[in-house]
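So this one's data_6.txt, compact mmCIF, C-alpha atoms:
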# COMPACT_ATOMS: atom_id res chain seq x y z
CA MET R 138 -62.32 -5.99 -1.31
CA THR R 139 -61.39 -7.39 2.10
CA PRO R 140 -60.01 -10.86 2.93
CA ALA R 141 -63.44 -11.74 4.37
CA GLY R 142 -65.14 -10.52 1.20
CA LEU R 143 -62.75 -12.54 -0.96
CA GLN R 144 -63.52 -15.72 0.99
CA THR R 145 -67.22 -15.11 0.45
CA ALA R 146 -66.61 -14.56 -3.27
CA ILE R 147 -64.56 -17.72 -3.75
CA GLY R 148 -66.91 -19.83 -1.64
CA TYR R 149 -64.37 -20.94 0.92
CA GLN R 150 -63.53 -19.85 4.48
CA PHE R 151 -59.91 -20.43 5.48
CA GLN R 152 -59.09 -22.08 8.78
CA SER R 153 -55.54 -20.75 8.48
CA PRO R 154 -55.38 -17.03 7.59
CA ALA R 155 -51.62 -17.45 7.08
CA LEU R 156 -52.22 -19.71 4.07
CA LEU R 157 -54.53 -17.14 2.50
CA GLU R 158 -51.96 -14.40 3.09
CA GLN R 159 -49.23 -16.53 1.51
CA ALA R 160 -51.39 -17.22 -1.55
CA LEU R 161 -51.80 -13.48 -2.04
CA THR R 162 -48.09 -12.68 -1.66
CA HIS R 163 -46.11 -12.26 -4.89
CA ARG R 164 -42.45 -13.26 -5.02
CA SER R 165 -41.51 -9.57 -5.46
CA CYS R 166 -42.26 -9.17 -1.73
CA GLY R 167 -39.53 -11.65 -0.86
CA GLY R 168 -39.71 -14.17 1.94
CA SER R 169 -42.69 -16.51 2.08
CA ASN R 170 -44.55 -16.08 -1.21
CA ASN R 171 -47.08 -17.94 -3.34
CA GLU R 172 -44.80 -19.73 -5.83
CA ARG R 173 -44.98 -23.16 -4.17
CA LEU R 174 -48.74 -22.83 -3.68
CA GLU R 175 -49.02 -21.89 -7.34
CA PHE R 176 -47.21 -25.11 -8.29
CA LEU R 177 -49.64 -27.12 -6.19
CA GLY R 178 -52.71 -25.32 -7.53
CA ASP R 179 -51.58 -25.70 -11.13
CA GLY R 180 -51.39 -29.47 -10.81
CA LEU R 181 -54.79 -29.69 -9.12
CA LEU R 182 -56.38 -27.36 -11.68
CA ASN R 183 -55.23 -29.47 -14.63
CA ALA R 184 -56.40 -32.69 -12.99
CA VAL R 185 -59.83 -31.38 -11.95
CA ILE R 186 -60.59 -29.66 -15.25
CA GLY R 187 -59.28 -32.66 -17.18
CA SER R 188 -61.54 -34.98 -15.19
CA ALA R 189 -64.55 -32.71 -15.69
CA LEU R 190 -63.99 -32.57 -19.45
CA TYR R 191 -63.53 -36.35 -19.63
CA ALA R 192 -66.91 -36.78 -17.96
CA CYS R 193 -68.90 -34.16 -19.86
CA ARG R 194 -67.40 -34.73 -23.34
CA PRO R 195 -67.49 -38.54 -23.77
CA ARG R 196 -67.24 -38.40 -27.57
CA ASP R 197 -64.22 -36.08 -27.83
CA ASP R 198 -60.80 -37.56 -28.57
CA GLU R 199 -57.59 -36.73 -26.70
CA GLY R 200 -56.70 -33.86 -29.02
CA ALA R 201 -60.07 -32.17 -28.59
CA LEU R 202 -60.00 -32.63 -24.81
CA SER R 203 -56.47 -31.21 -24.65
CA ARG R 204 -57.47 -28.12 -26.64
CA LEU R 205 -60.52 -27.56 -24.46
CA ARG R 206 -58.50 -27.91 -21.27
CA ALA R 207 -55.83 -25.54 -22.58
CA SER R 208 -58.52 -22.94 -23.32
CA LEU R 209 -59.82 -23.20 -19.76
CA VAL R 210 -56.56 -23.22 -17.82
CA ARG R 211 -54.79 -20.61 -19.95
CA GLU R 212 -53.51 -17.42 -18.39
CA ALA R 213 -56.22 -15.14 -19.79
CA THR R 214 -59.04 -17.33 -18.48
CA LEU R 215 -57.55 -17.61 -15.00
CA ALA R 216 -56.92 -13.86 -14.90
CA GLY R 217 -60.54 -13.26 -15.88
CA ILE R 218 -61.76 -15.37 -12.97
CA ALA R 219 -59.34 -13.58 -10.63
CA ARG R 220 -60.68 -10.21 -11.75
CA GLY R 221 -64.20 -11.38 -11.05
CA PHE R 222 -63.09 -12.00 -7.45
CA GLU R 223 -61.29 -8.61 -7.34
CA LEU R 224 -58.21 -10.58 -6.38
CA GLY R 225 -55.81 -7.90 -7.59
CA SER R 226 -56.86 -5.48 -4.87
CA LEU R 227 -55.58 -7.87 -2.18
CA LEU R 228 -52.27 -8.92 -3.74
CA ARG R 229 -49.12 -8.15 -1.77
CA LEU R 230 -46.56 -6.91 -4.27
CA GLY R 231 -43.06 -5.48 -4.10
CA GLU R 232 -42.67 -1.77 -4.74
CA SER R 233 -41.60 -2.12 -8.38
CA GLU R 234 -44.54 -4.40 -9.21
CA ARG R 235 -46.97 -2.03 -7.50
CA LYS R 236 -45.65 0.94 -9.45
CA THR R 237 -45.99 -0.89 -12.78
CA GLY R 238 -49.55 -2.08 -12.15
CA GLY R 239 -48.73 -5.68 -11.28
CA HIS R 240 -52.13 -6.15 -9.63
CA ARG R 241 -53.69 -5.84 -13.10
CA ARG R 242 -51.26 -8.10 -14.96
CA ASP R 243 -52.66 -11.36 -16.32
CA SER R 244 -49.60 -13.39 -15.39
CA ILE R 245 -49.64 -12.27 -11.74
CA LEU R 246 -53.41 -12.66 -11.41
CA SER R 247 -53.45 -16.14 -12.93
CA ASP R 248 -50.55 -17.28 -10.73
CA ALA R 249 -52.33 -15.94 -7.63
CA LEU R 250 -55.53 -17.79 -8.53
CA GLU R 251 -53.59 -21.06 -8.83
CA ALA R 252 -51.88 -20.30 -5.52
CA LEU R 253 -55.27 -19.68 -3.93
CA LEU R 254 -56.43 -23.08 -5.14
CA GLY R 255 -53.29 -24.69 -3.72
CA ALA R 256 -53.87 -22.95 -0.41
CA ILE R 257 -57.44 -24.24 -0.24
CA TRP R 258 -56.15 -27.77 -0.86
CA LEU R 259 -53.71 -27.51 2.04
CA ASP R 260 -56.23 -25.81 4.31
CA GLY R 261 -59.35 -27.89 3.67
CA GLY R 262 -58.31 -30.94 1.68
CA PHE R 263 -58.63 -32.07 -1.91
CA GLU R 264 -62.42 -32.25 -1.99
CA ALA R 265 -62.76 -28.62 -0.85
CA ALA R 266 -60.30 -27.46 -3.51
CA GLN R 267 -62.00 -29.58 -6.17
CA ARG R 268 -65.41 -28.13 -5.28
CA CYS R 269 -64.11 -24.57 -5.50
CA CYS R 270 -62.40 -25.26 -8.82
CA LEU R 271 -65.57 -26.70 -10.36
CA ASP R 272 -67.65 -23.83 -8.99
CA TRP R 273 -65.28 -21.22 -10.45
CA PHE R 274 -65.33 -22.88 -13.88
CA ALA R 275 -68.98 -23.97 -13.92
CA ALA R 276 -70.20 -21.39 -16.45
CA ARG R 277 -67.23 -22.01 -18.74
CA LEU R 278 -67.67 -25.77 -18.59
CA GLN R 279 -71.31 -25.33 -19.63
CA ALA R 280 -70.40 -23.10 -22.58
CA LEU R 281 -67.46 -24.94 -24.13
CA PRO R 282 -66.51 -23.93 -27.68
CA ASP R 283 -66.18 -26.27 -30.63
CA PRO R 284 -62.75 -27.93 -30.19
CA GLU R 285 -62.05 -27.39 -33.89
CA SER R 286 -62.20 -23.64 -33.35
CA LEU R 287 -59.34 -23.93 -30.86
CA LYS R 288 -56.81 -25.34 -33.31
CA ASP R 289 -53.95 -22.92 -33.89
CA PRO R 290 -53.18 -21.67 -37.43
CA LYS R 291 -50.07 -23.85 -37.86
CA THR R 292 -52.05 -26.98 -37.03
CA ARG R 293 -54.92 -25.95 -39.30
CA LEU R 294 -52.55 -25.23 -42.19
CA GLN R 295 -50.74 -28.55 -41.75
CA GLU R 296 -54.00 -30.52 -41.61
CA TRP R 297 -55.42 -28.72 -44.64
CA LEU R 298 -52.29 -29.40 -46.71
CA GLN R 299 -52.25 -33.05 -45.66
CA GLY R 300 -55.91 -33.31 -46.63
CA GLN R 301 -55.01 -32.04 -50.08
CA GLY R 302 -52.11 -34.48 -50.39
CA LEU R 303 -49.60 -31.62 -50.34
CA ALA R 304 -46.23 -31.21 -48.62
CA LEU R 305 -45.99 -29.53 -45.23
CA PRO R 306 -45.22 -25.78 -45.15
CA GLY R 307 -41.82 -24.31 -44.47
CA TYR R 308 -41.01 -21.54 -41.99
CA GLN R 309 -38.00 -19.27 -42.37
CA VAL R 310 -36.83 -16.60 -39.94
CA LEU R 311 -36.08 -13.52 -42.05
CA ALA R 312 -35.04 -11.25 -39.21
CA ALA R 313 -34.58 -11.23 -35.45
CA ASP R 314 -34.08 -7.67 -34.25
CA GLY R 315 -34.18 -5.65 -31.06
CA PRO R 316 -32.69 -6.00 -27.56
CA PRO R 317 -33.02 -9.33 -25.68
CA HIS R 318 -36.01 -8.13 -23.65
CA ARG R 319 -37.84 -6.79 -26.71
CA ARG R 320 -37.02 -9.05 -29.65
CA ARG R 321 -39.00 -8.91 -32.87
CA PHE R 322 -39.05 -11.87 -35.26
CA THR R 323 -40.06 -11.77 -38.91
CA VAL R 324 -41.00 -15.16 -40.35
CA ARG R 325 -41.98 -16.29 -43.85
CA CYS R 326 -44.29 -19.26 -44.41
CA THR R 327 -43.96 -20.96 -47.81
CA LEU R 328 -45.53 -23.86 -49.70
CA ALA R 329 -43.66 -26.39 -51.82
CA GLY R 330 -44.27 -25.79 -55.53
CA ASP R 331 -46.59 -22.84 -54.89
CA PRO R 332 -45.54 -19.19 -55.21
CA ARG R 333 -47.93 -18.07 -52.49
CA HIS R 334 -46.32 -17.18 -49.19
CA ALA R 335 -46.92 -15.01 -46.14
CA GLU R 336 -44.73 -12.99 -43.82
CA ALA R 337 -45.50 -11.88 -40.27
CA GLU R 338 -43.78 -10.22 -37.32
CA ALA R 339 -44.17 -10.85 -33.59
CA GLY R 340 -42.34 -10.79 -30.27
CA SER R 341 -41.51 -14.51 -30.46
CA ARG R 342 -40.65 -16.88 -33.28
CA ARG R 343 -43.58 -19.13 -32.42
CA GLU R 344 -46.11 -16.29 -32.55
CA ALA R 345 -44.64 -14.98 -35.82
CA GLU R 346 -45.01 -18.46 -37.34
CA GLN R 347 -48.63 -18.65 -36.16
CA ARG R 348 -49.44 -15.26 -37.68
CA ALA R 349 -47.77 -16.16 -40.98
CA ALA R 350 -49.69 -19.45 -41.09
CA ARG R 351 -52.96 -17.60 -40.50
CA LEU R 352 -52.20 -15.18 -43.34
CA LEU R 353 -51.42 -18.06 -45.67
CA LEU R 354 -54.64 -19.84 -44.70
CA GLU R 355 -56.52 -16.68 -45.69
CA GLN R 356 -54.77 -16.69 -49.07
CA LEU R 357 -55.81 -20.31 -49.55
CA GLY R 358 -59.40 -19.47 -48.66
CA VAL R 359 -59.43 -21.61 -45.52
CA VAL R 360 -61.64 -20.01 -42.87
CA MET R 361 -60.18 -19.75 -39.36
CA ARG R 362 -62.93 -19.49 -36.76
CA PRO R 363 -62.03 -17.01 -34.02
CA VAL R 364 -60.94 -18.42 -30.67
CA PRO R 365 -63.32 -17.28 -27.91
CA GLN R 366 -61.82 -14.36 -26.00
CA GLU R 367 -61.88 -13.96 -22.26
CA ASN R 368 -63.97 -10.96 -21.21
CA GLY R 369 -62.79 -10.84 -17.62
CA ASP R 370 -66.13 -11.82 -16.13
CA ALA R 371 -66.23 -14.44 -13.45
Step by step, read the file and then write its structure as structure tokens.
Amino acid sequence: MTPAGLQTAIGYQFQSPALLEQALTHRSCGGSNNERLEFLGDGLLNAVIGSALYACRPRDDEGALSRLRASLVREATLAGIARGFELGSLLRLGESERKTGGHRRDSILSDALEALLGAIWLDGGFEAAQRCCLDWFAARLQALPDPESLKDPKTRLQEWLQGQGLALPGYQVLAADGPPHRRRFTVRCTLAGDPRHAEAEAGSRREAEQRAARLLLEQLGVVMRPVPQENGDA
């Protein structure tokens, strides 16, 4: 992929090549990098996608719209779009990031895509950036999942218990092991007055709680519909 090929792929021709170069420069390179552009692109992305959802889903409430937007602007989705543009091949990375495959990492790809959007805004104005954003997300906006399927296990468990007139679940950290950069948390999820419980382990307390809640939902016979996964296609 060349810079010219990338501009064809994203549907925008930069007037300022320097802005495009900055958008593709990771902070590991030092100097002028894409962090500020990423900040700008992130704000625009949330506003444009939020506006599009508001228009195309007039019957959805705030919670449903928020879940749909989160599914579209999440790291995995943005990285999938970036891969479709072959963005990773053009990223300017520091030596350590290059050696560890930073051009393939979801976090770096998603940040670069937001930075690219911010750069388009500065280079061609809001309308140009908005058009690109809507073009990039067009297929996803036409194939939105059921908002209910996007509820996380903790929310689903809480709502199910409330629907049954039962007390909210409790979460207890049983263990937190490992070095600071590789912590492992073991969490138990319990129900008041019910011997059933579930334990799960993950790299963060939040994720361990979510996994334990999912296991307990399975014990209760509550079906959790799978959240649509990003396949990396643009």
Residues of range 243-306 of chain R that approach range 176-190 of chain R to 10 Å or less, counting all atoms listed in the file: could you list each one with the shortest pair of atoms and its distance in Å to one decimal, rows by chain and increasing residue number, as a tab-separated table?
residue	atom	partner	partner_atom	distance
R:Ser247	CA	R:Asp179	CA	9.9
R:Asp248	CA	R:Asp179	CA	8.5
R:Ala249	CA	R:Gly178	CA	9.4
R:Leu250	CA	R:Gly178	CA	8.1
R:Glu251	CA	R:Gly178	CA	4.5
R:Ala252	CA	R:Gly178	CA	5.5
R:Leu253	CA	R:Gly178	CA	7.2
R:Leu254	CA	R:Gly178	CA	5.0
R:Gly255	CA	R:Gly178	CA	3.9
R:Ala256	CA	R:Gly178	CA	7.6
R:Ile257	CA	R:Gly178	CA	8.8
R:Trp258	CA	R:Gly178	CA	7.9
R:Leu259	CA	R:Leu177	CA	9.2
R:Phe263	CA	R:Leu181	CA	8.5
R:Ala266	CA	R:Leu181	CA	8.2
R:Gln267	CA	R:Val185	CA	6.4
R:Arg268	CA	R:Val185	CA	9.3
R:Cys270	CA	R:Leu182	CA	7.0
R:Leu271	CA	R:Val185	CA	7.6
R:Phe274	CA	R:Ile186	CA	8.4
R:Ala275	CA	R:Ala189	CA	10.0
R:Leu278	CA	R:Leu190	CA	7.8
R:Leu281	CA	R:Leu190	CA	9.6
Pick the closest to Arg164 in chain R from R:Gln356, R:Ser233, R:Ser203, R:Gln150: which is it, counting only C-alpha atoms? R:Ser233
Shell of 12 Å around range 318-333 of chain R, all atoms listed in the file, local chain residues under 6 positions omitted, as a PDB file with C-alpha atoms, in the coordinates of the input:
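Here's the written file around-v8.pdb:
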ATOM      1  CA  PRO R 290     -53.180 -21.670 -37.430  1.00  0.00           C
ATOM      2  CA  LYS R 291     -50.070 -23.850 -37.860  1.00  0.00           C
ATOM      3  CA  LEU R 294     -52.550 -25.230 -42.190  1.00  0.00           C
ATOM      4  CA  GLN R 295     -50.740 -28.550 -41.750  1.00  0.00           C
ATOM      5  CA  LEU R 298     -52.290 -29.400 -46.710  1.00  0.00           C
ATOM      6  CA  GLY R 302     -52.110 -34.480 -50.390  1.00  0.00           C
ATOM      7  CA  LEU R 303     -49.600 -31.620 -50.340  1.00  0.00           C
ATOM      8  CA  ALA R 304     -46.230 -31.210 -48.620  1.00  0.00           C
ATOM      9  CA  LEU R 305     -45.990 -29.530 -45.230  1.00  0.00           C
ATOM     10  CA  PRO R 306     -45.220 -25.780 -45.150  1.00  0.00           C
ATOM     11  CA  GLY R 307     -41.820 -24.310 -44.470  1.00  0.00           C
ATOM     12  CA  TYR R 308     -41.010 -21.540 -41.990  1.00  0.00           C
ATOM     13  CA  GLN R 309     -38.000 -19.270 -42.370  1.00  0.00           C
ATOM     14  CA  VAL R 310     -36.830 -16.600 -39.940  1.00  0.00           C
ATOM     15  CA  LEU R 311     -36.080 -13.520 -42.050  1.00  0.00           C
ATOM     16  CA  ALA R 312     -35.040 -11.250 -39.210  1.00  0.00           C
ATOM     17  CA  ALA R 339     -44.170 -10.850 -33.590  1.00  0.00           C
ATOM     18  CA  GLY R 340     -42.340 -10.790 -30.270  1.00  0.00           C
ATOM     19  CA  SER R 341     -41.510 -14.510 -30.460  1.00  0.00           C
ATOM     20  CA  ARG R 342     -40.650 -16.880 -33.280  1.00  0.00           C
ATOM     21  CA  ARG R 343     -43.580 -19.130 -32.420  1.00  0.00           C
ATOM     22  CA  GLU R 344     -46.110 -16.290 -32.550  1.00  0.00           C
ATOM     23  CA  ALA R 345     -44.640 -14.980 -35.820  1.00  0.00           C
ATOM     24  CA  GLU R 346     -45.010 -18.460 -37.340  1.00  0.00           C
ATOM     25  CA  GLN R 347     -48.630 -18.650 -36.160  1.00  0.00           C
ATOM     26  CA  ARG R 348     -49.440 -15.260 -37.680  1.00  0.00           C
ATOM     27  CA  ALA R 349     -47.770 -16.160 -40.980  1.00  0.00           C
ATOM     28  CA  ALA R 350     -49.690 -19.450 -41.090  1.00  0.00           C
ATOM     29  CA  ARG R 351     -52.960 -17.600 -40.500  1.00  0.00           C
ATOM     30  CA  LEU R 352     -52.200 -15.180 -43.340  1.00  0.00           C
ATOM     31  CA  LEU R 353     -51.420 -18.060 -45.670  1.00  0.00           C
ATOM     32  CA  LEU R 354     -54.640 -19.840 -44.700  1.00  0.00           C
ATOM     33  CA  GLU R 355     -56.520 -16.680 -45.690  1.00  0.00           C
ATOM     34  CA  GLN R 356     -54.770 -16.690 -49.070  1.00  0.00           C
ATOM     35  CA  LEU R 357     -55.810 -20.310 -49.550  1.00  0.00           C
TER      36      LEU R 357
END
Quick one: residues within 9 Å of Cys166 in chain R, all atoms listed in the file counted, chain neighbours fewer than 2 positions away excluded, as a PyMOL selection string? chain R and resi 162-164+168-170+229-232
For CA of Asp314 in chain R and CA of Arg293 in chain R, the interatomic separation in Å (one decimal):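 So the answer is 28.2 Å.
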Between CA of Glu234 in chain R and CA of Ala146 in chain R, what is the distance, to one decimal in Å?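 Interatomic distance, CA of Glu234 in chain R to CA of Ala146 in chain R: 25.0 Å.
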May I ask for the distance between CA of Thr214 in chain R and CA of Pro317 in chain R, given in Å to one decimal place?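 For CA of Thr214 in chain R relative to CA of Pro317 in chain R, the distance reads 28.2 Å.
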Residue among R:His240, R:Gly262, R:Phe151, R:Lys288 lying closest to Leu227 in chain R, counting only C-alpha atoms: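 Smallest distance to Leu227 in chain R is found for R:His240.
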Which residues come within 10 Å of Gly225 in chain R, counting only C-alpha atoms, excluding same-chain residues fewer than 6 positions away, as a PyMOL selection string? chain R and resi 138+161+216+219+238-243+245-246+249-250
Writing out the chosen residues with C-alpha atoms as a JSON list (two decimals), keeping the file's coordinate frame:
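This went into selection-v1.json:
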[["chain", "number", "residue", "atom", "x", "y", "z"],
["R", 138, "MET", "CA", -62.32, -5.99, -1.31],
["R", 161, "LEU", "CA", -51.80, -13.48, -2.04],
["R", 216, "ALA", "CA", -56.92, -13.86, -14.90],
["R", 219, "ALA", "CA", -59.34, -13.58, -10.63],
["R", 238, "GLY", "CA", -49.55, -2.08, -12.15],
["R", 239, "GLY", "CA", -48.73, -5.68, -11.28],
["R", 240, "HIS", "CA", -52.13, -6.15, -9.63],
["R", 241, "ARG", "CA", -53.69, -5.84, -13.10],
["R", 242, "ARG", "CA", -51.26, -8.10, -14.96],
["R", 243, "ASP", "CA", -52.66, -11.36, -16.32],
["R", 245, "ILE", "CA", -49.64, -12.27, -11.74],
["R", 246, "LEU", "CA", -53.41, -12.66, -11.41],
["R", 249, "ALA", "CA", -52.33, -15.94, -7.63],
["R", 250, "LEU", "CA", -55.53, -17.79, -8.53]]
